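Here the structure is laid out as structure tokens; the discussion comes afterwards.
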Amino acid sequence: MSEIESFHQQLMADVIAEVQGSGGGSGGGSGDGTSSTFKEDAFTRMVMEDLEIAGVLESPVACYLGNMSARQPYRINGYGFSEDETRLDLLITDLHDESTVQKLNAADVDRCFRQALRFLTLALDRGPDILDPGHVLEHGMLREIHEKKAQFDRVQVILVTNALNVQRKEKARREQVGQYEVVHDIWDLERLRRFRSSGSTHEPVVVDFSDLAGGGIRCVPVSDEELGYKSCVAIFPGEVLYRLYDEYGARLLELNVRSYLQAKGKVNREILETLLQRPQQFLAYNNGITVVGERIEVCDDGGLITSIQGLQIVNGGQTTASIHRARKEHSADLTHVFVQAKITEVPGDQFETMVPEISRLSNTQNKVSVVDLGANHAYHVGIERVARRSWVPGEQSMWFYERARGAYQTERNRSGGKSAKGAAFDRKFPVSQRITKEDLARYGNTWLRLPHVVSKGGQKNFERYMASVGKRDKGWEPTQEEYKTIIGQAILFKQAQECAKRLGIRAYGINVVTYTIALLSEKTFGRVNMGELWDLQALTPALRDQISAWLPRVAQLIVASAGDRNVGEWFKTEGCWAHLRHDTSAWEVSAELAAELVAVDVATESALVGVQNSIARCLQTDAQTWMQIQVWGNETNSLAFWQQGIANTLAGYAARGWSRKPSAKQAAQAMKILELFEQSKSLTDE
């Protein structure tokens with residue numbers, strides 16, 4: 001069996017596992033007991049997660065809408081907007097249910113893109129009028145696209161498929177639909193395999209510079225046979241970079257460690273201002289760009305670059321995109337704009353090892369956040385080490401912590417795929433017991449009562465989570481209790497998702513789950529027994545019943561609280577969380593669940609449940625937050641001097657790892673202080 005066939009089998013097995021694990025339908029005639037509709041939905045969600053991690057999409061939403069019986073059929077499987085809302089992303093799925101790998105020809109590709117563009121036209125022209133408001137998610141998608149049609153000017157249509165695209169060499173498809181520039185992209189089976197096995201997302205970009213004035217890009221080459229690579233320093237005319245970005249767009253930046261921030265940050269605003277006001281000074285002020293390529297062609301004397309194969313801008317994506325924006329949106333004159341470039345030839349088989357290091361070490365113009373290169377953070381390395389030696393009760397299987405993207409698939413392939421050894425791998429590491437670092441951040445921030453942050457999507461949520469993790473020394477590892485808590489949170493979230501799907505909660509399902517679990521954390525003061533979840537590898541009956549009872553009620557409340565706001569955007573605000581907490585202030589956990597909660601290890605005076613809850617809440621608030629509260633109380637006069645003192649004292653306790661616990665009286669006052677602080681934040685957010 002070839003590598004691509006093995007990957008296809010595993011991919012479809014993952015799709016089936018996703019459907020069955022979520023309580024998907026059993027109809028449809030599939031031999032595996034799952035319908036094609038559920039498979040398509042599961043495949044779409046899985047690929048969306050990959051594309052979000054790859055930086056291709058930002059906070060995408062899986063949402064099928066179509067009419068294939070219409071005279072001109074249309075359909076779409078998901079959508080999203082760029083952070084600055086100047087680009088609409090549409091996703092269309094082409095899933096083949098056959099066991100063998102299928103091929104996607106030009107006619108198939110054109111058919112899918114036409115269907116997506118018909119949907120776009122309907123959404124722009126008629127918006128939500130084409131659908132009954134009872135379809136909450138679909139109606140919300142149409143409404144959002146229609147309301148924002150004056151804000152975006154670009155549309156990215158992405159076709160995702162488990163077939164092989166036979167037109168791999170064609171240039172990026174672009175067209176104009178009214179006032180919108182539409183670009184098309186294809187993620188086929190091979191591209192998905194490459195990303196999942198190595199994290200690589202790029203399709204080679206081949207650029208010919210020989211038709212430029214002078215015959216190429218002037219450069220100073222540096223070559224050393226012993227080093228195994230060659231580099232050169234060049235000066236790119238701004239107009240050349242503009243044309244490259246206009247032609248290839250984000251494909252030029254697929255190996256960049258961060259995406260363009262759309263001139264919202266201080267550095268990007270200054271780049272744009274320089275281009276518009278002092279273009280002749282740009283070369284002097286700008287740090288330049290870093291480029292890699294699999295092959296660099298130079299003229300005989302080495303003074304001109306004539307072509308680059310596999311061109312990628314690994315640092316300077318923000319400079320490049322700013323130049324494009326200045327020319328496209330502000331009609332900037334780029335005649336006197338030049339950019340310094342360091343260009344390195346990296347053999348294709350070394351791209352995945354060398355490029356991340358080049359990117360990391362060359363990124364000096366803006367600070368690279370922990371989310372960009374998080375896989376090697378000591379925190380994730382430590383969790384991975386402990387996971388590799390921690391059997392679940394019964395000693396039959398382990399949880400697989402996928403620190404590096406694609407590690408699970410890679411190890412499974414190495415173990416033998418569908419062979420007896422591969423089957424042993426599946427028993428040891430079931431796909432249901434695989435969690436990624438993005439999953440970890442989702443589960444962790446949910447339990448930290450940040451459902452609005454989780455709703456912002458994988459990358460933003462991951463960055464916030466890593467900020468709370470902070471620095472870890474090399475060699476750090478979680479204790480067994482800490483590791484069991486991590487897995488307990490994973491079990492809680494995963495099985496809550498299963499409950500939601502069994503209850504038929506599909507519109508905004510991930511948001512409903514994260515808000516429900518955050519509410520559970522709030523109402524139990526974080527005292528759910530994660531150790532018991534580890535022991536059972538499942539929810540207790542009382543916990544499952546509580547979650548199942550709250551899920552539909554939470555869904556109704558958070559959607560209703562949006563009012564006239566866009567529902568998807570409302571979920572991303574702290575105001576949504578504040579509304580839910582207010583609307584559920586009278587809710588209490590069941591007596592059965594209350595009996596299972598972990599007691600806080602404090603003095604005898606703290607035996608009462610209410611006091612235990614207050615102390616538990618204190619212990620869940622870190623030193624930085626207590627200090628922030630103290631400063632806020634002082635600057636705004638919102639806290640009395642003695643209340644500021646309590647916040648300062650608790651900050652000290654937290655900084656010392658809570659070796660000393662707050663007294664019952666301190667905890668009672670702390671609850672009032674926290675309530676004032678959170679009310680202030682929610683008012684500011686709204």
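Residue numbering restarts at 1 for every chain of the structure tokens, chains are lettered A, B, ... in their displayed order, and ligands are numbered from 1 as they appear.
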Neighbour list for region 92-102 of chain A as a VMD selection string, cut-off 10 Å, only C-alpha atoms, skip fewer than 4 positions in-chain:
chain A and resid 4 to 9 12 30 35 to 37 39 to 41 43 to 44 47 64 75 to 79 108 to 109 112 to 113 115 to 116 157 to 165 186 to 189
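Atom pair CA of Ile313 (chain A) / CA of Arg173 (chain A): separated by 20.8 Å.
Distances from A:Glu329, A:Asp208, A:Asp50, A:Glu273 to Thr86 (chain A) were compared using only C-alpha atoms, and the smallest one belongs to A:Glu329.
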Neighbour list for Asn286 (chain A) as a list of chain:residue names, cut-off 9 Å, only C-alpha atoms, skip fewer than 3 positions in-chain:
A:Ile271, A:Gln281, A:Phe282, A:Leu283, A:Ile289, A:Thr319, A:Val339, A:Gln340, A:Gln365
With C-alpha atoms retained, write the just-selected residues as an mmCIF file, in the first residue's frame.
```
data_model
loop_
_atom_site.group_PDB
_atom_site.id
_atom_site.type_symbol
_atom_site.label_atom_id
_atom_site.label_comp_id
_atom_site.auth_asym_id
_atom_site.auth_seq_id
_atom_site.Cartn_x
_atom_site.Cartn_y
_atom_site.Cartn_z
ATOM 1 C CA ILE A 271 5.032 50.686 7.876
ATOM 2 C CA GLN A 281 12.888 56.517 3.116
ATOM 3 C CA PHE A 282 11.412 53.006 3.217
ATOM 4 C CA LEU A 283 14.658 51.165 2.477
ATOM 5 C CA ILE A 289 12.493 40.515 4.427
ATOM 6 C CA THR A 319 6.105 44.374 5.132
ATOM 7 C CA VAL A 339 13.183 46.426 0.239
ATOM 8 C CA GLN A 340 16.312 44.649 1.359
ATOM 9 C CA GLN A 365 10.965 43.396 13.449
#
```
Considering only C-alpha atoms, state which residue in the set A:Leu619, A:Ile145, A:Ile486, A:Ile217 is at the smallest distance from Leu533 (chain A).
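Among A:Leu619, A:Ile145, A:Ile486, A:Ile217, it is A:Ile486 that comes nearest to Leu533 (chain A).
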Per DSSP on the backbone, what are the strand (DSSP E) residues of region 69-238 of chain A, as a PyMOL selection string?
chain A and resi 74-81+87-94+103-104+154-161+164-165+174-177+180-187+206-208+217-224+229-237
Residues from the last selection, C-alpha atoms, saved as a PDB file, in the first residue's frame:
```pdb
ATOM      1  CA  TYR A  74     -25.379  26.107  -4.937  1.00  0.00           C
ATOM      2  CA  ARG A  75     -23.803  24.982  -1.686  1.00  0.00           C
ATOM      3  CA  ILE A  76     -21.215  25.859   0.939  1.00  0.00           C
ATOM      4  CA  ASN A  77     -19.816  23.971   3.934  1.00  0.00           C
ATOM      5  CA  GLY A  78     -18.330  26.746   6.031  1.00  0.00           C
ATOM      6  CA  TYR A  79     -17.278  30.353   6.209  1.00  0.00           C
ATOM      7  CA  GLY A  80     -15.235  32.890   8.155  1.00  0.00           C
ATOM      8  CA  PHE A  81     -13.781  36.381   8.005  1.00  0.00           C
ATOM      9  CA  ARG A  87     -11.718  39.104   3.371  1.00  0.00           C
ATOM     10  CA  LEU A  88     -14.532  36.571   3.347  1.00  0.00           C
ATOM     11  CA  ASP A  89     -13.526  32.905   3.388  1.00  0.00           C
ATOM     12  CA  LEU A  90     -15.860  30.275   1.932  1.00  0.00           C
ATOM     13  CA  LEU A  91     -15.221  26.555   2.237  1.00  0.00           C
ATOM     14  CA  ILE A  92     -16.746  23.897  -0.010  1.00  0.00           C
ATOM     15  CA  THR A  93     -16.224  20.187   0.619  1.00  0.00           C
ATOM     16  CA  ASP A  94     -15.934  17.409  -1.937  1.00  0.00           C
ATOM     17  CA  LYS A 103      -9.043  11.766  -8.599  1.00  0.00           C
ATOM     18  CA  LEU A 104     -10.326  15.309  -8.963  1.00  0.00           C
ATOM     19  CA  ARG A 154     -11.736  39.910  -1.263  1.00  0.00           C
ATOM     20  CA  VAL A 155     -13.210  36.432  -1.194  1.00  0.00           C
ATOM     21  CA  GLN A 156     -11.167  33.278  -0.707  1.00  0.00           C
ATOM     22  CA  VAL A 157     -12.936  30.118  -1.859  1.00  0.00           C
ATOM     23  CA  ILE A 158     -11.274  26.944  -0.611  1.00  0.00           C
ATOM     24  CA  LEU A 159     -12.119  23.510  -1.939  1.00  0.00           C
ATOM     25  CA  VAL A 160     -11.252  20.705   0.495  1.00  0.00           C
ATOM     26  CA  THR A 161     -11.362  17.112  -0.662  1.00  0.00           C
ATOM     27  CA  LEU A 164      -6.202  13.848  -5.491  1.00  0.00           C
ATOM     28  CA  ASN A 165      -6.196  16.981  -7.624  1.00  0.00           C
ATOM     29  CA  ARG A 174      -8.460  34.462  -9.674  1.00  0.00           C
ATOM     30  CA  GLU A 175     -11.533  36.250 -10.963  1.00  0.00           C
ATOM     31  CA  GLN A 176     -13.632  39.322 -10.356  1.00  0.00           C
ATOM     32  CA  VAL A 177     -17.192  38.974  -9.081  1.00  0.00           C
ATOM     33  CA  TYR A 180     -14.933  41.503  -5.166  1.00  0.00           C
ATOM     34  CA  GLU A 181     -11.631  39.904  -6.071  1.00  0.00           C
ATOM     35  CA  VAL A 182     -12.110  36.142  -5.744  1.00  0.00           C
ATOM     36  CA  VAL A 183      -9.212  33.735  -5.347  1.00  0.00           C
ATOM     37  CA  HIS A 184      -9.528  29.958  -5.351  1.00  0.00           C
ATOM     38  CA  ASP A 185      -7.461  27.428  -3.459  1.00  0.00           C
ATOM     39  CA  ILE A 186      -7.529  23.634  -3.271  1.00  0.00           C
ATOM     40  CA  TRP A 187      -6.606  21.429  -0.328  1.00  0.00           C
ATOM     41  CA  VAL A 206       7.878  29.414  -8.958  1.00  0.00           C
ATOM     42  CA  VAL A 207       8.756  33.006  -9.856  1.00  0.00           C
ATOM     43  CA  ASP A 208      10.560  34.099 -13.036  1.00  0.00           C
ATOM     44  CA  ILE A 217      16.907  41.030  -9.315  1.00  0.00           C
ATOM     45  CA  ARG A 218      20.351  42.399  -8.519  1.00  0.00           C
ATOM     46  CA  CYS A 219      22.090  40.498  -5.733  1.00  0.00           C
ATOM     47  CA  VAL A 220      25.349  39.743  -3.938  1.00  0.00           C
ATOM     48  CA  PRO A 221      25.683  35.939  -3.627  1.00  0.00           C
ATOM     49  CA  VAL A 222      27.419  34.106  -0.778  1.00  0.00           C
ATOM     50  CA  SER A 223      28.075  30.411  -1.254  1.00  0.00           C
ATOM     51  CA  ASP A 224      29.952  27.855   0.837  1.00  0.00           C
ATOM     52  CA  TYR A 229      23.345  25.986   1.361  1.00  0.00           C
ATOM     53  CA  LYS A 230      23.808  29.314  -0.414  1.00  0.00           C
ATOM     54  CA  SER A 231      22.494  32.769   0.371  1.00  0.00           C
ATOM     55  CA  CYS A 232      22.433  36.147  -1.263  1.00  0.00           C
ATOM     56  CA  VAL A 233      21.484  39.687  -0.380  1.00  0.00           C
ATOM     57  CA  ALA A 234      19.238  41.524  -2.835  1.00  0.00           C
ATOM     58  CA  ILE A 235      17.154  44.675  -3.217  1.00  0.00           C
ATOM     59  CA  PHE A 236      13.554  44.076  -4.287  1.00  0.00           C
ATOM     60  CA  PRO A 237      11.654  46.929  -5.963  1.00  0.00           C
TER      61      PRO A 237
END
```
Tell me which protein, DNA and RNA residues are within 9 Å of Ala106 (chain A), counting only C-alpha atoms, leaving out same-chain ones fewer than 5 positions away, and put them as number ranges by chain.
A: 111, 165-167
Could you make a table, as a tab-separated table, of the residues of region 498-533 of chain A that have an atom within 9 Å of an atom of region 584-588 of chain A, each with its nearest atom pair and distance in Å to one decimal, counting only C-alpha atoms, in chain and number order?
```
residue	atom	partner	partner_atom	distance
A:Leu519	CA	A:Thr584	CA	8.7
A:Lys523	CA	A:Glu588	CA	6.8
A:Thr524	CA	A:Glu588	CA	8.7
```
